[in-house]
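Asker: Contents are mmCIF, C-alpha atoms; file name protein_18.cif:
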```cif
data_input
#
loop_
_atom_site.label_atom_id
_atom_site.label_comp_id
_atom_site.auth_asym_id
_atom_site.auth_seq_id
_atom_site.Cartn_x
_atom_site.Cartn_y
_atom_site.Cartn_z
CA MET E 1324 0.00 0.00 0.00
CA ALA E 1325 1.19 3.51 -0.79
CA SER E 1326 0.78 6.73 1.16
CA GLU E 1327 3.25 9.17 -0.41
CA PHE E 1328 4.55 10.22 -3.81
CA LYS E 1329 7.10 12.77 -5.03
CA MET E 1330 7.63 14.22 -8.47
CA THR E 1331 9.59 17.12 -9.94
CA HIS E 1332 8.19 19.63 -12.41
CA ARG E 1333 10.01 22.31 -14.38
CA VAL E 1334 8.01 25.52 -14.61
CA GLU E 1335 7.03 26.25 -18.21
CA PHE E 1336 6.73 29.77 -19.62
CA ALA E 1337 3.00 29.20 -20.15
CA ASP E 1338 2.63 28.58 -16.38
CA THR E 1339 3.63 32.15 -15.57
CA ASP E 1340 1.66 35.39 -15.45
CA MET E 1341 2.57 38.88 -16.65
CA ALA E 1342 4.73 39.38 -13.54
CA GLY E 1343 6.80 36.32 -14.49
CA LEU E 1344 5.51 34.24 -11.57
CA VAL E 1345 3.62 30.95 -11.65
CA HIS E 1346 -0.07 31.89 -11.77
CA PHE E 1347 -1.80 30.79 -8.55
CA ALA E 1348 -4.28 28.51 -10.36
CA ASN E 1349 -1.46 26.40 -11.78
CA TYR E 1350 -0.67 25.06 -8.31
CA LEU E 1351 -4.07 23.34 -8.38
CA ARG E 1352 -3.17 21.85 -11.77
CA TYR E 1353 0.20 20.69 -10.38
CA MET E 1354 -1.63 18.97 -7.50
CA GLU E 1355 -3.89 17.16 -9.94
CA VAL E 1356 -0.94 16.08 -12.10
CA ALA E 1357 0.81 14.69 -9.00
CA GLU E 1358 -2.35 12.85 -7.94
CA HIS E 1359 -2.69 11.25 -11.37
CA ALA E 1360 0.99 10.22 -11.36
CA PHE E 1361 0.57 8.76 -7.86
CA LEU E 1362 -2.39 6.65 -9.00
CA ARG E 1363 -0.47 5.46 -12.07
CA THR E 1364 2.33 4.17 -9.79
CA LEU E 1365 -0.36 1.98 -8.19
CA GLY E 1366 -1.54 0.63 -11.54
CA LEU E 1367 -4.63 2.85 -11.39
CA SER E 1368 -5.97 5.79 -13.36
CA ILE E 1369 -8.11 8.72 -12.30
CA ALA E 1370 -10.43 7.62 -15.14
CA MET E 1371 -11.97 4.68 -13.26
CA GLU E 1372 -15.48 4.88 -14.66
CA GLN E 1373 -15.10 2.00 -17.14
CA LYS E 1374 -13.06 -0.35 -14.96
CA HIS E 1375 -14.48 0.38 -11.49
CA GLY E 1376 -17.68 2.30 -12.28
CA VAL E 1377 -16.62 5.35 -10.25
CA GLY E 1378 -15.42 8.91 -10.69
CA TRP E 1379 -13.59 11.31 -8.37
CA PRO E 1380 -14.99 14.87 -8.28
CA ARG E 1381 -13.23 17.36 -6.03
CA VAL E 1382 -15.18 18.71 -3.10
CA HIS E 1383 -12.37 20.82 -1.65
CA ALA E 1384 -9.18 22.38 -3.00
CA SER E 1385 -6.94 24.89 -1.28
CA CYS E 1386 -3.44 26.25 -1.50
CA ASP E 1387 -1.38 28.57 0.68
CA TYR E 1388 1.46 30.39 -1.04
CA VAL E 1389 4.77 31.12 0.71
CA ALA E 1390 7.21 32.15 -2.03
CA PRO E 1391 6.98 32.55 -5.82
CA LEU E 1392 8.07 30.17 -8.56
CA ARG E 1393 9.42 31.46 -11.86
CA PHE E 1394 10.00 30.18 -15.39
CA GLU E 1395 12.45 27.22 -15.45
CA ASP E 1396 12.45 26.76 -11.67
CA GLU E 1397 12.22 23.11 -10.68
CA VAL E 1398 9.63 22.32 -8.05
CA GLU E 1399 9.26 19.09 -6.10
CA ILE E 1400 5.66 18.19 -5.41
CA HIS E 1401 5.26 15.87 -2.44
CA LEU E 1402 1.83 14.21 -2.12
CA LYS E 1403 0.79 12.58 1.15
CA VAL E 1404 -2.48 10.78 1.77
CA ARG E 1405 -3.84 12.76 4.73
CA GLU E 1406 -7.14 10.96 5.22
CA LYS E 1407 -8.89 7.92 3.79
CA LYS E 1408 -12.56 7.54 4.58
CA GLY E 1409 -15.00 5.00 3.20
CA LYS E 1410 -16.03 7.32 0.35
CA ALA E 1411 -13.32 10.02 0.20
CA LEU E 1412 -9.60 10.70 0.01
CA THR E 1413 -7.77 13.82 1.16
CA TYR E 1414 -4.28 14.58 -0.13
CA ASP E 1415 -1.80 17.10 1.26
CA PHE E 1416 0.79 18.63 -1.06
CA LEU E 1417 4.10 20.28 -0.22
CA PHE E 1418 5.77 22.35 -2.95
CA ARG E 1419 9.51 22.93 -2.64
CA ARG E 1420 11.65 24.77 -5.16
CA VAL E 1421 14.70 22.55 -5.64
CA LYS E 1422 16.41 24.50 -8.44
CA PRO E 1423 17.82 27.05 -8.27
CA GLU E 1424 19.18 26.46 -4.79
CA PRO E 1425 18.68 26.96 -1.95
CA VAL E 1426 15.77 24.54 -1.52
CA LEU E 1427 12.76 26.58 -0.49
CA GLU E 1428 9.19 25.75 0.53
CA VAL E 1429 6.91 27.69 -1.84
CA ALA E 1430 3.39 26.39 -1.13
CA ARG E 1431 1.17 23.88 0.66
CA GLY E 1432 -2.09 22.54 -0.73
CA ARG E 1433 -4.90 20.13 -0.08
CA ILE E 1434 -7.48 18.32 -2.22
CA THR E 1435 -10.42 16.23 -1.05
CA THR E 1436 -12.03 14.00 -3.63
CA VAL E 1437 -15.12 11.82 -3.25
CA CYS E 1438 -15.75 8.47 -4.89
CA VAL E 1439 -19.02 8.61 -6.85
CA SER E 1440 -21.06 6.57 -9.27
CA ARG E 1441 -23.85 7.73 -11.57
CA ASP E 1442 -27.40 6.51 -11.37
CA GLY E 1443 -29.57 5.87 -14.43
CA SER E 1444 -30.32 9.58 -14.82
CA GLY E 1445 -26.64 10.56 -14.65
CA GLN E 1446 -26.81 11.97 -11.12
CA MET E 1447 -23.69 11.42 -9.03
CA LYS E 1448 -23.92 9.72 -5.64
CA ALA E 1449 -21.11 9.09 -3.16
CA VAL E 1450 -20.25 5.40 -2.94
CA PRO E 1451 -17.66 3.34 -1.06
CA ILE E 1452 -14.18 3.33 -2.58
CA PRO E 1453 -13.86 0.04 -4.51
CA ASP E 1454 -11.79 -2.56 -2.61
CA ALA E 1455 -9.38 -2.89 -5.55
CA VAL E 1456 -8.55 0.82 -5.10
CA ALA E 1457 -8.78 1.05 -1.30
CA ARG E 1458 -6.33 -1.83 -0.81
CA LYS E 1459 -3.62 0.13 -2.63
CA ILE E 1460 -3.84 3.41 -0.71
CA GLU E 1461 -3.12 4.10 2.97
CA VAL E 1462 -2.84 7.17 5.15
CA ALA E 1463 0.68 8.58 5.47
CA PRO E 1464 2.32 8.22 8.88
#
```
When written as structure tokens, how does the structure in this file appear?

Answerer:
Amino acid sequence: MASEFKMTHRVEFADTDMAGLVHFANYLRYMEVAEHAFLRTLGLSIAMEQKHGVGWPRVHASCDYVAPLRFEDEVEIHLKVREKKGKALTYDFLFRRVKPEPVLEVARGRITTVCVSRDGSGQMKAVPIPDAVARKIEVAP
């Protein structure tokens, strides 16, 4: 079972705003990219509707910003599973600029996602996380 994942991302020019800083909304995108990469390391995909009959809408997303990132900076994104409930997962994210040095914390974020299925009319309803998924994910120590 896995509870943590780290990846490195190089800031692209398109990620920055007119001030030359990473636009705040891109941190949410970085969190989602890290979550998808984490699931892939477990042999899963965020697109679970066909295989497991479930989807994962977000019910909470937040990010606190400490220092800016700029074009071509390298940022380490550290995902930790904060909470695992019967129908939901909460991930914490730590963003650290690793290049250029010195290493510097730049942001902290959180996403909560709920496992849902659709009824005959297409309405989403929270459902238990499938065992095949739940067995692979644990809360970080």

Asker: For the structure provided, state which residues fall under the PyMOL selection byres ((chain E and resi 1427) around 12), and present them as a PyMOL selection string.

Answerer: chain E and resi 1388-1392+1396-1399+1417-1426+1428-1431

Asker: As a list of chain:residue names, please: the residues near His1375 of chain E (cut-off 10 Å, all atoms listed in the file, same-chain neighbours under 2 positions excluded).

Answerer: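 The neighbour list is E:Ala1370, E:Met1371, E:Glu1372, E:Gln1373, E:Val1377, E:Gly1378, E:Ser1440, E:Ile1452, E:Pro1453, E:Asp1454, E:Ala1455, E:Val1456.
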
Asker: Restricting it to C-alpha atoms, dump the selection as a short mmCIF file (atom, residue, chain, number, x, y, z; two decimals), in the coordinates of the input.

Answerer:
```cif
data_model
loop_
_atom_site.label_atom_id
_atom_site.label_comp_id
_atom_site.auth_asym_id
_atom_site.auth_seq_id
_atom_site.Cartn_x
_atom_site.Cartn_y
_atom_site.Cartn_z
CA ALA E 1370 -10.43 7.62 -15.14
CA MET E 1371 -11.97 4.68 -13.26
CA GLU E 1372 -15.48 4.88 -14.66
CA GLN E 1373 -15.10 2.00 -17.14
CA VAL E 1377 -16.62 5.35 -10.25
CA GLY E 1378 -15.42 8.91 -10.69
CA SER E 1440 -21.06 6.57 -9.27
CA ILE E 1452 -14.18 3.33 -2.58
CA PRO E 1453 -13.86 0.04 -4.51
CA ASP E 1454 -11.79 -2.56 -2.61
CA ALA E 1455 -9.38 -2.89 -5.55
CA VAL E 1456 -8.55 0.82 -5.10
#
```

Asker: Atom CA of Arg1458 of chain E to atom CA of Ala1325 of chain E: how many Å, to one decimal?

Answerer: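 One can read the atom CA of Arg1458 of chain E to atom CA of Ala1325 of chain E distance as 9.2 Å.
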
Asker: What is the atom CA of Glu1395 of chain E-atom CA of Phe1336 of chain E distance in Å, reported with one decimal?

Answerer: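 Computing it gives 7.5 Å between the two atoms.
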
Asker: Show which residues sit within 9 Å of segment 1342-1353 of chain E, as a list of chain:residue names. Count all atoms listed in the file, and ignore same-chain residues fewer than 4 positions away.

Answerer: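 The contact residues come out as E:His1332, E:Val1334, E:Glu1335, E:Phe1336, E:Ala1337, E:Asp1338, E:Ala1357, E:Glu1358, E:Ala1384, E:Ser1385, E:Cys1386, E:Tyr1388, E:Pro1391, E:Leu1392, E:Arg1393, E:Phe1394, E:Ile1400, E:Phe1418, E:Ala1430, E:Gly1432, E:Arg1433, E:Ile1434.
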
Asker: For the selection just defined, write its residues with C-alpha atoms to a file, as an mmCIF file, in the coordinates of the input.

Answerer:
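The result, stored in selection_10.cif:
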```
data_model
loop_
_atom_site.group_PDB
_atom_site.id
_atom_site.type_symbol
_atom_site.label_atom_id
_atom_site.label_comp_id
_atom_site.auth_asym_id
_atom_site.auth_seq_id
_atom_site.Cartn_x
_atom_site.Cartn_y
_atom_site.Cartn_z
ATOM 1 C CA HIS E 1332 8.190 19.630 -12.410
ATOM 2 C CA VAL E 1334 8.010 25.520 -14.610
ATOM 3 C CA GLU E 1335 7.030 26.250 -18.210
ATOM 4 C CA PHE E 1336 6.730 29.770 -19.620
ATOM 5 C CA ALA E 1337 3.000 29.200 -20.150
ATOM 6 C CA ASP E 1338 2.630 28.580 -16.380
ATOM 7 C CA ALA E 1357 0.810 14.690 -9.000
ATOM 8 C CA GLU E 1358 -2.350 12.850 -7.940
ATOM 9 C CA ALA E 1384 -9.180 22.380 -3.000
ATOM 10 C CA SER E 1385 -6.940 24.890 -1.280
ATOM 11 C CA CYS E 1386 -3.440 26.250 -1.500
ATOM 12 C CA TYR E 1388 1.460 30.390 -1.040
ATOM 13 C CA PRO E 1391 6.980 32.550 -5.820
ATOM 14 C CA LEU E 1392 8.070 30.170 -8.560
ATOM 15 C CA ARG E 1393 9.420 31.460 -11.860
ATOM 16 C CA PHE E 1394 10.000 30.180 -15.390
ATOM 17 C CA ILE E 1400 5.660 18.190 -5.410
ATOM 18 C CA PHE E 1418 5.770 22.350 -2.950
ATOM 19 C CA ALA E 1430 3.390 26.390 -1.130
ATOM 20 C CA GLY E 1432 -2.090 22.540 -0.730
ATOM 21 C CA ARG E 1433 -4.900 20.130 -0.080
ATOM 22 C CA ILE E 1434 -7.480 18.320 -2.220
#
```

Asker: Some atoms are absent from segment 1392-1403 of chain E, so rebuild N, CA and C atoms and return them as a compact mmCIF listing (two decimals), in the frame of the given file.

Answerer:
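Output saved as result09.txt:
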```
# COMPACT_ATOMS: atom_id res chain seq x y z
N LEU E 1392 7.31 30.97 -7.60
CA LEU E 1392 8.07 30.17 -8.56
C LEU E 1392 8.13 30.95 -9.85
N ARG E 1393 9.21 30.75 -10.59
CA ARG E 1393 9.42 31.46 -11.86
C ARG E 1393 9.73 30.47 -12.98
N PHE E 1394 9.68 30.97 -14.20
CA PHE E 1394 10.00 30.18 -15.39
C PHE E 1394 11.33 29.45 -15.19
N GLU E 1395 11.32 28.15 -15.51
CA GLU E 1395 12.45 27.22 -15.45
C GLU E 1395 12.88 26.82 -14.04
N ASP E 1396 12.21 27.31 -13.00
CA ASP E 1396 12.45 26.76 -11.67
C ASP E 1396 12.03 25.30 -11.69
N GLU E 1397 12.66 24.49 -10.85
CA GLU E 1397 12.22 23.11 -10.68
C GLU E 1397 11.58 23.00 -9.31
N VAL E 1398 10.39 22.44 -9.29
CA VAL E 1398 9.63 22.32 -8.05
C VAL E 1398 9.35 20.84 -7.78
N GLU E 1399 9.62 20.44 -6.55
CA GLU E 1399 9.26 19.09 -6.10
C GLU E 1399 7.88 19.16 -5.49
N ILE E 1400 7.02 18.26 -5.93
CA ILE E 1400 5.66 18.19 -5.41
C ILE E 1400 5.55 16.89 -4.62
N HIS E 1401 5.31 17.03 -3.34
CA HIS E 1401 5.26 15.87 -2.44
C HIS E 1401 3.80 15.67 -2.01
N LEU E 1402 3.21 14.58 -2.46
CA LEU E 1402 1.83 14.21 -2.12
C LEU E 1402 1.86 13.26 -0.94
N LYS E 1403 1.00 13.51 0.03
CA LYS E 1403 0.79 12.58 1.15
C LYS E 1403 -0.70 12.35 1.29
```
